[in-house]
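J.: Provided below: target.txt, containing compact mmCIF, C-alpha atoms.
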```
# COMPACT_ATOMS: atom_id res chain seq x y z
CA GLY A 1 1.13 -58.17 38.99
CA ALA A 2 -2.48 -58.28 40.05
CA VAL A 3 -3.97 -61.67 40.73
CA VAL A 4 -7.38 -63.03 39.89
CA SER A 5 -8.35 -66.21 41.66
CA GLN A 6 -10.96 -68.58 40.28
CA HIS A 7 -12.53 -71.50 42.10
CA PRO A 8 -13.09 -74.37 41.59
CA SER A 9 -10.53 -75.22 38.96
CA ARG A 10 -12.35 -78.40 38.04
CA VAL A 11 -15.88 -79.53 38.69
CA ILE A 12 -17.85 -82.54 37.59
CA CYS A 13 -21.59 -82.56 38.05
CA LYS A 14 -24.65 -84.48 37.01
CA SER A 15 -26.98 -83.23 34.34
CA GLY A 16 -29.70 -81.02 35.78
CA THR A 17 -27.72 -79.70 38.72
CA SER A 18 -26.38 -76.17 39.17
CA VAL A 19 -22.76 -75.22 39.53
CA LYS A 20 -21.30 -72.00 40.94
CA ILE A 21 -17.89 -70.65 39.93
CA GLU A 22 -16.24 -67.86 41.90
CA CYS A 23 -13.90 -65.20 40.61
CA ARG A 24 -11.99 -62.99 43.03
CA SER A 25 -9.62 -60.11 42.48
CA LEU A 26 -7.08 -60.54 45.25
CA ASP A 27 -5.21 -57.27 45.40
CA PHE A 28 -7.31 -54.75 43.52
CA GLN A 29 -10.91 -53.68 43.31
CA ALA A 30 -12.68 -54.75 40.15
CA THR A 31 -15.82 -52.83 39.33
CA THR A 32 -16.03 -54.83 36.14
CA MET A 33 -15.30 -58.49 35.58
CA PHE A 34 -15.72 -60.54 32.43
CA TRP A 35 -16.74 -64.15 31.95
CA TYR A 36 -15.43 -66.12 28.99
CA ARG A 37 -16.03 -69.57 27.69
CA GLN A 38 -13.44 -71.52 25.76
CA PHE A 39 -14.12 -74.65 23.73
CA PRO A 40 -11.26 -76.86 22.55
CA LYS A 41 -9.50 -75.35 19.53
CA GLN A 42 -11.69 -72.27 19.66
CA SER A 43 -11.07 -68.74 20.80
CA LEU A 44 -12.18 -67.24 24.07
CA MET A 45 -15.79 -66.23 23.74
CA LEU A 46 -17.04 -63.39 25.89
CA MET A 47 -20.22 -64.44 27.63
CA ALA A 48 -21.02 -61.45 29.78
CA THR A 49 -19.70 -58.37 31.49
CA SER A 50 -20.28 -58.36 35.22
CA ASN A 51 -20.75 -54.97 36.86
CA GLU A 52 -20.52 -54.51 40.62
CA GLY A 53 -23.87 -53.64 42.09
CA SER A 54 -25.84 -53.91 38.87
CA LYS A 55 -27.05 -56.46 36.36
CA ALA A 56 -24.63 -58.18 34.08
CA THR A 57 -24.53 -57.40 30.39
CA TYR A 58 -24.80 -60.55 28.30
CA GLU A 59 -23.45 -61.06 24.81
CA GLN A 60 -25.81 -61.98 22.03
CA GLY A 61 -26.77 -65.64 22.12
CA VAL A 62 -25.89 -66.19 25.79
CA GLU A 63 -28.85 -67.26 27.91
CA LYS A 64 -29.01 -65.01 30.94
CA ASP A 65 -31.34 -67.39 32.78
CA LYS A 66 -28.93 -70.23 32.30
CA PHE A 67 -25.75 -68.40 33.19
CA LEU A 68 -26.51 -66.35 36.28
CA ILE A 69 -23.93 -63.74 37.16
CA ASN A 70 -23.71 -61.95 40.46
CA HIS A 71 -21.17 -59.24 41.26
CA ALA A 72 -22.01 -58.43 44.85
CA SER A 73 -18.73 -56.85 45.88
CA LEU A 74 -15.75 -55.11 44.33
CA THR A 75 -13.66 -58.26 44.60
CA LEU A 76 -16.08 -61.09 43.86
CA SER A 77 -18.15 -62.16 40.88
CA THR A 78 -19.90 -65.52 40.58
CA LEU A 79 -21.14 -67.45 37.58
CA THR A 80 -23.83 -70.05 38.21
CA VAL A 81 -24.57 -72.54 35.47
CA THR A 82 -28.15 -73.57 36.18
CA SER A 83 -29.64 -76.92 35.21
CA ALA A 84 -26.40 -77.89 33.58
CA HIS A 85 -26.38 -80.16 30.54
CA PRO A 86 -23.50 -81.98 28.82
CA GLU A 87 -23.30 -79.25 26.17
CA ASP A 88 -22.43 -76.79 28.94
CA SER A 89 -19.19 -78.68 29.53
CA SER A 90 -16.43 -76.21 28.78
CA PHE A 91 -13.58 -74.16 30.19
CA TYR A 92 -14.88 -71.02 31.88
CA ILE A 93 -12.48 -68.16 32.52
CA CYS A 94 -13.06 -64.91 34.34
CA SER A 95 -11.06 -61.74 34.02
CA ALA A 96 -10.94 -58.42 35.76
CA ARG A 97 -9.57 -55.08 34.70
CA ASP A 98 -7.37 -53.21 37.13
CA PHE A 99 -8.75 -49.75 36.45
CA GLY A 100 -6.89 -48.31 39.39
CA GLY A 101 -3.59 -49.55 38.05
CA THR A 102 -2.48 -50.12 34.49
CA GLY A 103 -5.90 -51.01 33.18
CA GLU A 104 -4.53 -54.41 32.26
CA LEU A 105 -6.94 -57.31 31.95
CA PHE A 106 -5.98 -60.10 34.36
CA PHE A 107 -7.33 -63.60 33.94
CA GLY A 108 -8.19 -66.28 36.42
CA GLU A 109 -6.85 -69.80 36.08
CA GLY A 110 -10.09 -71.05 34.58
CA SER A 111 -12.64 -73.63 35.66
CA ARG A 112 -13.12 -76.87 33.76
CA LEU A 113 -16.77 -77.93 33.96
CA THR A 114 -17.77 -81.44 32.98
CA VAL A 115 -21.45 -82.29 33.00
CA LEU A 116 -22.22 -85.99 32.95
CA GLN B 1 -15.75 -63.70 8.14
CA LYS B 2 -14.30 -63.78 11.64
CA GLU B 3 -13.26 -60.47 13.10
CA VAL B 4 -9.86 -61.87 14.04
CA GLU B 5 -8.12 -64.62 12.08
CA GLN B 6 -5.26 -66.62 13.54
CA ASP B 7 -3.68 -69.85 12.35
CA PRO B 8 -4.17 -72.44 15.12
CA GLY B 9 -1.00 -74.33 14.20
CA PRO B 10 0.52 -76.32 15.78
CA LEU B 11 3.85 -74.71 15.12
CA SER B 12 6.97 -76.68 16.06
CA VAL B 13 10.39 -75.03 16.11
CA PRO B 14 13.81 -76.01 17.46
CA GLU B 15 15.14 -74.31 20.55
CA GLY B 16 16.84 -71.02 19.70
CA ALA B 17 14.75 -70.35 16.60
CA ILE B 18 12.96 -67.10 15.89
CA VAL B 19 9.22 -67.59 16.05
CA SER B 20 6.76 -65.48 14.09
CA LEU B 21 3.10 -65.51 15.08
CA ASN B 22 0.51 -63.55 13.16
CA CYS B 23 -3.08 -62.37 13.13
CA THR B 24 -5.21 -60.49 10.68
CA TYR B 25 -8.36 -58.58 11.47
CA SER B 26 -11.22 -57.17 9.49
CA ASN B 27 -12.44 -54.20 11.51
CA SER B 28 -10.29 -51.11 11.12
CA ALA B 29 -11.86 -49.68 14.28
CA PHE B 30 -9.67 -51.90 16.45
CA GLN B 31 -7.14 -49.66 18.10
CA TYR B 32 -5.56 -51.70 20.91
CA PHE B 33 -3.66 -54.89 20.26
CA MET B 34 -2.49 -57.50 22.71
CA TRP B 35 -0.75 -60.83 22.80
CA TYR B 36 -1.53 -63.34 25.51
CA ARG B 37 0.19 -66.58 26.37
CA GLN B 38 -1.87 -69.48 27.66
CA TYR B 39 -0.42 -72.64 29.10
CA SER B 40 -2.51 -75.78 29.04
CA ARG B 41 -5.50 -75.63 31.41
CA LYS B 42 -4.53 -72.17 32.63
CA GLY B 43 -5.88 -68.69 32.11
CA PRO B 44 -4.18 -66.37 29.60
CA GLU B 45 -1.45 -63.98 30.73
CA LEU B 46 -0.65 -60.71 29.01
CA LEU B 47 2.63 -60.59 27.12
CA MET B 48 2.49 -57.43 25.05
CA TYR B 49 0.15 -54.47 24.68
CA THR B 50 0.38 -51.90 21.89
CA TYR B 51 -1.90 -49.32 20.41
CA SER B 52 -0.04 -47.74 17.56
CA SER B 53 1.43 -49.04 14.34
CA GLY B 54 5.04 -50.01 14.58
CA ASN B 55 7.16 -52.21 16.79
CA LYS B 56 7.30 -52.66 20.53
CA GLU B 57 10.04 -54.71 22.13
CA ASP B 58 10.16 -56.38 25.52
CA GLY B 59 13.08 -58.70 26.11
CA ARG B 60 12.88 -61.57 23.63
CA PHE B 61 9.43 -60.49 22.45
CA THR B 62 8.60 -57.96 19.74
CA ALA B 63 5.06 -56.99 18.84
CA GLN B 64 4.44 -55.46 15.46
CA VAL B 65 1.29 -53.71 14.29
CA ASP B 66 0.46 -52.69 10.73
CA LYS B 67 -2.90 -50.97 10.81
CA SER B 68 -2.91 -50.26 7.09
CA SER B 69 -2.76 -53.99 6.37
CA LYS B 70 -4.78 -54.97 9.45
CA TYR B 71 -2.00 -57.33 10.44
CA ILE B 72 -0.25 -57.90 13.73
CA SER B 73 2.70 -60.08 14.61
CA LEU B 74 4.56 -61.36 17.62
CA PHE B 75 8.20 -62.36 17.26
CA ILE B 76 9.98 -64.49 19.82
CA ARG B 77 13.77 -64.53 19.64
CA ASP B 78 15.95 -67.31 21.00
CA SER B 79 12.89 -69.45 21.68
CA GLN B 80 12.99 -71.71 24.72
CA PRO B 81 11.10 -74.90 25.57
CA SER B 82 9.34 -72.87 28.29
CA ASP B 83 7.82 -70.75 25.51
CA SER B 84 5.75 -73.77 24.48
CA ALA B 85 2.17 -72.60 24.93
CA THR B 86 -0.77 -71.24 22.99
CA TYR B 87 -0.43 -67.61 21.93
CA LEU B 88 -3.59 -65.60 21.50
CA CYS B 89 -3.80 -62.31 19.74
CA ALA B 90 -6.45 -59.94 21.01
CA MET B 91 -7.76 -56.52 20.19
CA SER B 92 -10.26 -53.94 21.31
CA PHE B 93 -11.83 -50.73 20.08
CA GLY B 94 -10.79 -48.81 23.14
CA GLY B 95 -8.47 -49.24 26.07
CA TYR B 96 -11.20 -50.34 28.42
CA GLN B 97 -13.62 -51.94 26.01
CA LYS B 98 -14.28 -55.62 25.52
CA VAL B 99 -11.52 -57.68 24.03
CA THR B 100 -11.90 -59.92 20.97
CA PHE B 101 -9.55 -62.88 20.80
CA GLY B 102 -8.07 -64.92 18.00
CA ILE B 103 -8.28 -68.70 18.18
CA GLY B 104 -4.70 -68.99 19.41
CA THR B 105 -1.62 -70.58 17.85
CA LYS B 106 -0.15 -73.57 19.63
CA LEU B 107 3.63 -73.34 19.74
CA GLN B 108 6.01 -76.12 20.64
CA VAL B 109 9.70 -75.40 21.09
CA ILE B 110 11.70 -78.58 20.84
CA PRO B 111 14.90 -78.88 22.93
```
What is this file in structure tokens?

T.:
Amino acid sequence: GAVVSQHPSRVICKSGTSVKIECRSLDFQATTMFWYRQFPKQSLMLMATSNEGSKATYEQGVEKDKFLINHASLTLSTLTVTSAHPEDSSFYICSARDFGGTGELFFGEGSRLTVL
Amino acid sequence: QKEVEQDPGPLSVPEGAIVSLNCTYSNSAFQYFMWYRQYSRKGPELLMYTYSSGNKEDGRFTAQVDKSSKYISLFIRDSQPSDSATYLCAMSFGGYQKVTFGIGTKLQVIP
């Protein structure tokens, strides 16, 4: 099946710094990618929908200035957590829909962010 | 009220048992129903995808949807230790619309 690669898988940073997470669709073009956040014992929460070549669409309550999303190509979307704080520590997962194939939603492996 | 309700478990069963995982939902507009499996510290992977009421079978897995009761189930036959994971139900209004997830049920299959 299609593969979505996410990098880094784990990152530890100091409070106040910015962290960038990459999401790549390896064998299909993804005009739309999705960014989720998952807290322990909670469901996946959709943060934003990333659209290639245009601005991301953020879900209610998600700070667009804090979570910068860039979808510059059909295979790459990035999420930058700006001025990270300990409460931003979480598991971030991206996904991409293979519109050209089955339409299935494929997920990356996730990125564990720890802000000290 | 959450849109999708799912018992987080944990659920422990002996190897070979039949496992029943369930979700209820409140919005009758949901039309597409999915089950994902998520291993620890990994992204979810799609197991089953259905859009009509009734049963869909794939190997040891059977997905069941009852739209009148707003209730979906996943059955795992002859459960294996490798089935130990968190199972998330998910649903959407349309085939390509955003997906809403349940909290996930943690399953442990004991050898």

J.: What's around stretch 63-69 of chain A at 8 Å? Count all atoms listed in the file, leave out sequence neighbours fewer than 6 positions away in its own chain, and write the answer as a list of chain:residue names.

T.: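 With the cut-off at 8 Å, the set is A:Ser50, A:Lys55, A:Ala56, A:Ser77, A:Thr78, A:Leu79, A:Thr80, A:Val81, A:Thr82, A:Ser83.
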
J.: Would you mind listing what lies within 12 Å of A:Pro86 as a PDB file with C-alpha atoms, keeping the file's coordinate frame, with only C-alpha atoms counted and same-chain residues fewer than 6 positions away left out?

T.:
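Once everything was written out, this is selection-v4.pdb:
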```pdb
ATOM      1  CA  ILE A  12     -17.850 -82.540  37.590  1.00  0.00           C
ATOM      2  CA  CYS A  13     -21.590 -82.560  38.050  1.00  0.00           C
ATOM      3  CA  LYS A  14     -24.650 -84.480  37.010  1.00  0.00           C
ATOM      4  CA  SER A  15     -26.980 -83.230  34.340  1.00  0.00           C
ATOM      5  CA  GLY A  16     -29.700 -81.020  35.780  1.00  0.00           C
ATOM      6  CA  THR A  17     -27.720 -79.700  38.720  1.00  0.00           C
ATOM      7  CA  LEU A 113     -16.770 -77.930  33.960  1.00  0.00           C
ATOM      8  CA  THR A 114     -17.770 -81.440  32.980  1.00  0.00           C
ATOM      9  CA  VAL A 115     -21.450 -82.290  33.000  1.00  0.00           C
ATOM     10  CA  LEU A 116     -22.220 -85.990  32.950  1.00  0.00           C
TER      11      LEU A 116
END
```

J.: What is the distance, in Å and to one decimal place, between atom CA of A:Cys94 and atom CA of A:Glu52?

T.: 14.3 Å

J.: Can you tell me which residues surround B:Ser84 at a distance of at most 12 Å, considering only C-alpha atoms, apart from same-chain residues fewer than 5 positions away, and format the answer as JSON, numbers by chain?

T.: {"B": [10, 11, 12, 13, 14, 15, 19, 37, 38, 39, 40, 76, 79, 105, 106, 107, 108, 109, 110, 111]}

J.: When you get a sec, could you note down which chain B residues fall within 10 Å of chain A, using all atoms listed in the file, as a PyMOL selection string?

T.: chain B and resi 4+6+8+38-39+41-46+49+88-90+95-96+98-106

J.: What does the structure give for the distance between atom CA of B:Ile72 and atom CA of B:Thr24, in Å to one decimal?

T.: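 Separating atom CA of B:Ile72 from atom CA of B:Thr24 is a distance of 6.4 Å.
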
J.: Can you pull out every residue within 7 Å of A:Val3, counting only C-alpha atoms, but drop anything in the same chain fewer than 2 positions away, and send it as a list in words?

T.: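 That gives Gly1, Ser5, Ser25, Leu26, Asp27 and Phe106 of chain A.
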
J.: When you look at stretch 53-65 of chain B with a cut-off of 10 Å (counting all atoms listed in the file), what residues show up, excluding the ones that are within fewer than 3 positions of it in the same chain? I need them as a list in words.

T.: Ile18, Val19, Ser20, Leu21, Asn22, Cys23, Gln31, Tyr32, Phe33, Met34, Trp35, Leu47, Met48, Tyr49, Thr50, Ser68, Ser69, Lys70, Tyr71, Ile72, Ser73, Leu74, Phe75, Ile76, Arg77, Asp78 and Ser79 of chain B
